[in-house]
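To start, the structure itself, in structure tokens.
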Amino acid sequence: MKFNKRIVSVVLTAMMLTSAVGCSKSETPAEDSSEGLSWESIQEEEPAEETVEEAPVEETEPEPEIVTAEIPAGMYRSELTGEPISESLKDQRPIAAMVDNESIALPHFGISECDVVYEMMNSTQNGRITRLMCLMKDWGSIKQLGSIRSTRPTNIILSAEWNAVLCHDGGPKVHIDPYLAKEWGNNHFSGTFSRVDNGKKREYTEYILAGDLENNFSGSNFSTTYNEFTPDGVKDAHFNFTPWGNEISLENKGYAKCIDANTIDIIPFEHNSSKLVYNPDTKEYEYYDYGNPHKDGEDGAVLSFKNVILQKCTFNQLDDHGYLIYNCIDINQPGYYCTNGKATDIVWTKTGELVKTQFFDSQANELEINNGKTYIALVPADTWDQLVIE
């Protein structure tokens with residue numbers, strides 16, 4: 001995969017490349033104690049001549065061999081999850097569905113079947129309530145997804161980096177219309193889905209049901225397959241997934257900072273009390289909001305993820321209603337990557353509207369992540385220090 005050499009160079013100078021001490025059980029890595037020492041001062045002395053027995057040489061275990069497992073016939077590795085799915089979907093564009101995250105909108109339907117879920121502040125008011133943007137490759141399998149609500153400028157920009165068709169129900173026109181009017185931003189469906197009588201107010205009753213998307217596409221001139229606005233590298237793999245059949249353990253990566261991440265408490269999302277809790281049995285992070293595990297309204301499945309990415313992101317408030325836009329186009333901004341109960345520092349960069357977000361590890365290499373579903377939170381920079389990872 002090609003990288004912007006200038007960006008990588010900046011990443012190298014921006015990040016602290018300390019001695020790799022690996023993962024420890026403490027939240028803060030130990031300080032490098034090698035400062036001021038020379039290699040001569042830590043060499044072992046030659047054994048004395050009178051030594052009769054030599055200590056046995058301890059054999060070191062070889063590095064685990066990376067073996068790429070065979071992809072089953074008729075399948076390919078999804079660019080959203082890295083997992084095998086039907087080859088018939090290879091060229092199909094994903095959708096990006098805007099889902100209400102207010103407590104009255106619960107339970108959600110179909111979220112546990114989505115491939116990538118973004119969570120971000122929807123307004124600076126109401127306790128900085130969040131909204132979800134759920135990406136799904138195999139949208140033809142949807143039975144019920146939602147409820148569907150309005151979008152914001154940030155969602156239009158981020159959905160475009162996946163070449164996804166944005167599914168929403170309106171939004172603040174003065175802020176979203178300039179983005180929807182862009183040639184790359186006009187592939188969207190708004191307010192064209194089914195209404196479900198669930199006893200709630202009308203704004204909580206719109207869902208994507210089976211057949212809705214097929215009807216929407218047939219009534220538009222939007223392509224169901226990747227088009228000319230597909231960013232480079234997205235069609236092959238949006239992330240840098242580990243080879244199929246292998247799994248990453250951050251403690252074996254030699255990162256300078258690697259901490260326990262059994263609980264990820266996103267305190268900045270105070271209205272929703274968003275939290276991710278690691279389940280060692282499934283080796284995935286289970287999503288909690290409003291103090292409870294997030295369970296799908298259809299089958300009770302808990303929303304869970306193999307990967308968690310946290311991005312520190314500044315934002316600009318657009319009006320007195322609290323509407324905002326994240327500065328998701330930026331370079332060398334900090335973040336965390338969490339998987340298998342551990343977390344490490346990362347840096348993220350996005351250089352344009354039609355450029356995918358790239359993630360780099362502390363060694364300035366493109367971040368390698370595990371195959372599986374991914375949760376991404378855009379955490380406001382002014383509350384970034386309130387994150388609790390332990």
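Labeling convention for the structure tokens: chains A, B, ... as they appear, residues from 1 per chain, ligands from 1 in order of appearance.
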
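Those residues that approach A:Ile129 to within 10 Å, counting only C-alpha atoms, are Asp100, Asn101, Glu102, Met120, Met121, Asn122, Ser123, Thr124, Gln125, Asn126, Gly127, Arg131, Pro268, Phe269, Glu270, His271, Asn272 and Ser273 of chain A; same-chain residues fewer than 2 positions away are not listed.
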
Preceding selection exported with C-alpha atoms as a PDB file, in the first residue's frame:
```
ATOM      1  CA  ASP A 100     -30.182   7.776  16.661  1.00  0.00           C
ATOM      2  CA  ASN A 101     -28.407   7.173  19.963  1.00  0.00           C
ATOM      3  CA  GLU A 102     -30.869   8.840  22.332  1.00  0.00           C
ATOM      4  CA  MET A 120     -19.270  11.015  17.589  1.00  0.00           C
ATOM      5  CA  MET A 121     -20.774  14.018  19.269  1.00  0.00           C
ATOM      6  CA  ASN A 122     -23.934  15.127  17.464  1.00  0.00           C
ATOM      7  CA  SER A 123     -24.318  18.420  19.303  1.00  0.00           C
ATOM      8  CA  THR A 124     -22.503  20.345  21.996  1.00  0.00           C
ATOM      9  CA  GLN A 125     -25.864  20.613  23.775  1.00  0.00           C
ATOM     10  CA  ASN A 126     -27.811  17.949  25.677  1.00  0.00           C
ATOM     11  CA  GLY A 127     -24.715  16.607  27.409  1.00  0.00           C
ATOM     12  CA  ARG A 131     -24.971   9.623  17.165  1.00  0.00           C
ATOM     13  CA  PRO A 268     -16.420  12.763  27.132  1.00  0.00           C
ATOM     14  CA  PHE A 269     -19.630  11.176  25.795  1.00  0.00           C
ATOM     15  CA  GLU A 270     -21.333  11.997  29.070  1.00  0.00           C
ATOM     16  CA  HIS A 271     -24.941  11.903  27.869  1.00  0.00           C
ATOM     17  CA  ASN A 272     -24.667   8.348  26.579  1.00  0.00           C
ATOM     18  CA  SER A 273     -22.140   7.072  29.158  1.00  0.00           C
TER      19      SER A 273
END
```

### Query
If we count only C-alpha atoms, what is near A:Asp382 at a cut-off of 10 Å, once residues fewer than 2 positions away on the same chain are taken out, given as a ChimeraX atom specification?
/A:268,312-315,379-380,384-386

Keeping C-alpha atoms for every residue in the selection just given, could you write it to a file as a PDB file, in the first residue's frame?
```
ATOM      1  CA  PRO A 268     -16.420  12.763  27.132  1.00  0.00           C
ATOM      2  CA  LYS A 312      -8.514  12.887  19.363  1.00  0.00           C
ATOM      3  CA  CYS A 313     -10.224  15.467  17.160  1.00  0.00           C
ATOM      4  CA  THR A 314     -10.813  19.196  17.386  1.00  0.00           C
ATOM      5  CA  PHE A 315     -14.140  20.649  16.241  1.00  0.00           C
ATOM      6  CA  VAL A 379     -13.338  12.125  20.899  1.00  0.00           C
ATOM      7  CA  PRO A 380     -13.463  15.930  21.287  1.00  0.00           C
ATOM      8  CA  TRP A 384      -9.574  13.965  25.470  1.00  0.00           C
ATOM      9  CA  ASP A 385      -7.819  13.856  28.839  1.00  0.00           C
ATOM     10  CA  GLN A 386     -11.024  12.552  30.454  1.00  0.00           C
TER      11      GLN A 386
END
```

Counting only C-alpha atoms, which residues in stretch 173-250 of chain A sit no more than 12 Å from stretch 295-310 of chain A? For each one, give the nearest pair of atoms and the distance in Å, sorted by chain then residue number, as CSV.
```
residue,atom,partner,partner_atom,distance
A:Asn198,CA,A:Gly297,CA,11.8
A:Phe239,CA,A:Asn307,CA,11.1
A:Phe241,CA,A:Asn307,CA,10.8
A:Glu247,CA,A:Lys306,CA,10.5
A:Ile248,CA,A:Asn307,CA,10.7
A:Ser249,CA,A:Asn307,CA,11.9
A:Leu250,CA,A:Asn307,CA,11.9
```

### 10 Å contact set for A:Gly146, only C-alpha atoms, chain neighbours under 5 positions out, as a list in words
Ala97, Met98, Val99, Asp100, Asn101, Ala105, Leu106, Pro107, His108, Phe109, Gly110, Ile111, Leu132, Cys134, His168, Tyr204, Thr205, Glu206, Tyr207, Ile208, Leu209 and Gly297 of chain A

### Proximity to A:Lys342 - best of A:Asp197, A:Glu203, A:Glu119, A:Asp260, only C-alpha atoms
A:Asp260

### Separation of atom CA of A:Tyr76 from atom CA of A:Asp91 in Å
10.9 Å

### Task
Check stretch 97-134 of chain A with DSSP on the backbone and list each residue it calls strand (DSSP E or B), as a PyMOL selection string.
chain A and resi 97-99+109+116-121+130-134

### Task
With a distance cut-off of 9 Å and only C-alpha atoms, select the neighbouring residues of A:Gly372, excluding the residue or stretch itself and same-chain residues fewer than 2 positions from it, and output the selection as a ChimeraX atom specification.
/A:80-83,115,305-307,369-370,374

Let's have the selection written as a PDB file, in the first residue's frame, with C-alpha atoms.
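Saved to again05.pdb:
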```pdb
ATOM      1  CA  LEU A  80     -14.266  -3.378   5.929  1.00  0.00           C
ATOM      2  CA  THR A  81     -13.462  -6.285   8.249  1.00  0.00           C
ATOM      3  CA  GLY A  82     -10.733  -8.362   6.609  1.00  0.00           C
ATOM      4  CA  GLU A  83     -12.977 -11.413   7.028  1.00  0.00           C
ATOM      5  CA  ASP A 115     -19.013  -3.878   9.957  1.00  0.00           C
ATOM      6  CA  PHE A 305     -15.959  -5.260  18.272  1.00  0.00           C
ATOM      7  CA  LYS A 306     -12.562  -6.812  17.701  1.00  0.00           C
ATOM      8  CA  ASN A 307     -10.927  -3.414  17.240  1.00  0.00           C
ATOM      9  CA  ILE A 369      -5.097  -4.316  13.064  1.00  0.00           C
ATOM     10  CA  ASN A 370      -6.914  -7.575  13.680  1.00  0.00           C
ATOM     11  CA  THR A 374     -14.176  -1.982  14.284  1.00  0.00           C
TER      12      THR A 374
END
```

### Task
With a distance cut-off of 8 Å and only C-alpha atoms, select the neighbouring residues of A:Cys114, excluding the residue or stretch itself and same-chain residues fewer than 2 positions from it, and output the selection as a PyMOL selection string.
chain A and resi 110-112+116-117+134-137+373

### Task
Might you pull out every residue within 9 Å of A:Ile389, with only C-alpha atoms counted and same-chain residues fewer than 3 positions away left off, and present them as a PyMOL selection string?
chain A and resi 27+259-266+343

Pull N, CA and C atoms from the residues just selected and write them as a PDB file, in the first residue's frame.
```
ATOM      1  N   GLU A  27      -0.765   0.734  34.098  1.00  0.00           N
ATOM      2  CA  GLU A  27      -1.333   1.633  33.096  1.00  0.00           C
ATOM      3  C   GLU A  27      -0.256   2.487  32.450  1.00  0.00           C
ATOM      4  N   ILE A 259      -0.590  -0.647  27.249  1.00  0.00           N
ATOM      5  CA  ILE A 259      -1.221  -0.665  28.563  1.00  0.00           C
ATOM      6  C   ILE A 259      -2.443  -1.575  28.564  1.00  0.00           C
ATOM      7  N   ASP A 260      -2.881  -1.936  29.761  1.00  0.00           N
ATOM      8  CA  ASP A 260      -4.110  -2.711  29.890  1.00  0.00           C
ATOM      9  C   ASP A 260      -5.296  -1.895  29.381  1.00  0.00           C
ATOM     10  N   ALA A 261      -6.184  -2.574  28.694  1.00  0.00           N
ATOM     11  CA  ALA A 261      -7.391  -1.905  28.176  1.00  0.00           C
ATOM     12  C   ALA A 261      -8.565  -2.864  28.289  1.00  0.00           C
ATOM     13  N   ASN A 262      -8.887  -3.218  29.510  1.00  0.00           N
ATOM     14  CA  ASN A 262     -10.034  -4.083  29.751  1.00  0.00           C
ATOM     15  C   ASN A 262     -11.336  -3.290  29.796  1.00  0.00           C
ATOM     16  N   THR A 263     -11.217  -2.019  30.185  1.00  0.00           N
ATOM     17  CA  THR A 263     -12.365  -1.116  30.180  1.00  0.00           C
ATOM     18  C   THR A 263     -11.956   0.186  29.519  1.00  0.00           C
ATOM     19  N   ILE A 264     -12.755   0.632  28.562  1.00  0.00           N
ATOM     20  CA  ILE A 264     -12.520   1.907  27.872  1.00  0.00           C
ATOM     21  C   ILE A 264     -13.723   2.783  28.165  1.00  0.00           C
ATOM     22  N   ASP A 265     -13.550   3.724  29.064  1.00  0.00           N
ATOM     23  CA  ASP A 265     -14.648   4.574  29.510  1.00  0.00           C
ATOM     24  C   ASP A 265     -14.541   5.922  28.799  1.00  0.00           C
ATOM     25  N   ILE A 266     -15.449   6.158  27.845  1.00  0.00           N
ATOM     26  CA  ILE A 266     -15.403   7.395  27.060  1.00  0.00           C
ATOM     27  C   ILE A 266     -16.234   8.446  27.791  1.00  0.00           C
ATOM     28  N   ALA A 343      -3.910  -1.692  24.836  1.00  0.00           N
ATOM     29  CA  ALA A 343      -4.005  -0.457  24.056  1.00  0.00           C
ATOM     30  C   ALA A 343      -2.618   0.099  23.801  1.00  0.00           C
TER      31      ALA A 343
END
```

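Neighbouring residues of A:Glu214 at 12 Å or closer, counting only C-alpha atoms and skipping chain neighbours under 4 positions away, are Ile95, Trp139, Gly140, Ser141, Ile142, Phe189, Thr192, Phe193, Ile208, Leu209, Ala210, Ser218, Gly219, Ser220, Phe222, Ser223 and Thr224 of chain A.
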
What would the file look like if the residues just selected were written as a PDB file, in the first residue's frame with C-alpha atoms?
```pdb
ATOM      1  CA  ILE A  95     -23.921   2.041   3.079  1.00  0.00           C
ATOM      2  CA  TRP A 139     -26.799  -4.306   2.982  1.00  0.00           C
ATOM      3  CA  GLY A 140     -28.927  -6.704   0.951  1.00  0.00           C
ATOM      4  CA  SER A 141     -29.177  -8.897   4.067  1.00  0.00           C
ATOM      5  CA  ILE A 142     -30.790  -6.166   6.196  1.00  0.00           C
ATOM      6  CA  PHE A 189     -30.869   8.679   0.545  1.00  0.00           C
ATOM      7  CA  THR A 192     -36.962   7.391   1.988  1.00  0.00           C
ATOM      8  CA  PHE A 193     -37.188   4.389   4.295  1.00  0.00           C
ATOM      9  CA  ILE A 208     -34.285   0.520   6.786  1.00  0.00           C
ATOM     10  CA  LEU A 209     -36.283  -2.645   6.154  1.00  0.00           C
ATOM     11  CA  ALA A 210     -35.681  -5.505   3.715  1.00  0.00           C
ATOM     12  CA  SER A 218     -33.590   1.422  -8.571  1.00  0.00           C
ATOM     13  CA  GLY A 219     -35.276   4.828  -8.301  1.00  0.00           C
ATOM     14  CA  SER A 220     -31.987   6.740  -8.523  1.00  0.00           C
ATOM     15  CA  PHE A 222     -26.598   6.047  -8.015  1.00  0.00           C
ATOM     16  CA  SER A 223     -24.258   3.149  -8.640  1.00  0.00           C
ATOM     17  CA  THR A 224     -24.444   0.169  -6.303  1.00  0.00           C
TER      18      THR A 224
END
```

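In this comparison, which uses only C-alpha atoms, the residue of A:Ser88, A:Asn365, A:Ser147, A:Thr349 approaching A:Arg195 most closely is A:Ser147.
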
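As for atom CA of A:Tyr290 and atom CA of A:Ala377, they are spaced 16.6 Å apart.
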
### Task
Just the alpha helix (DSSP H) stuff from stretch 92-202 of chain A, please, per backbone DSSP, written as a PyMOL selection string.
chain A and resi 153-160+173-180

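In terms of minimum interatomic distance to A:Gly171, A:Leu324 ranks closest within A:Lys143, A:Asn246, A:Lys201, A:Leu324, counting only C-alpha atoms.
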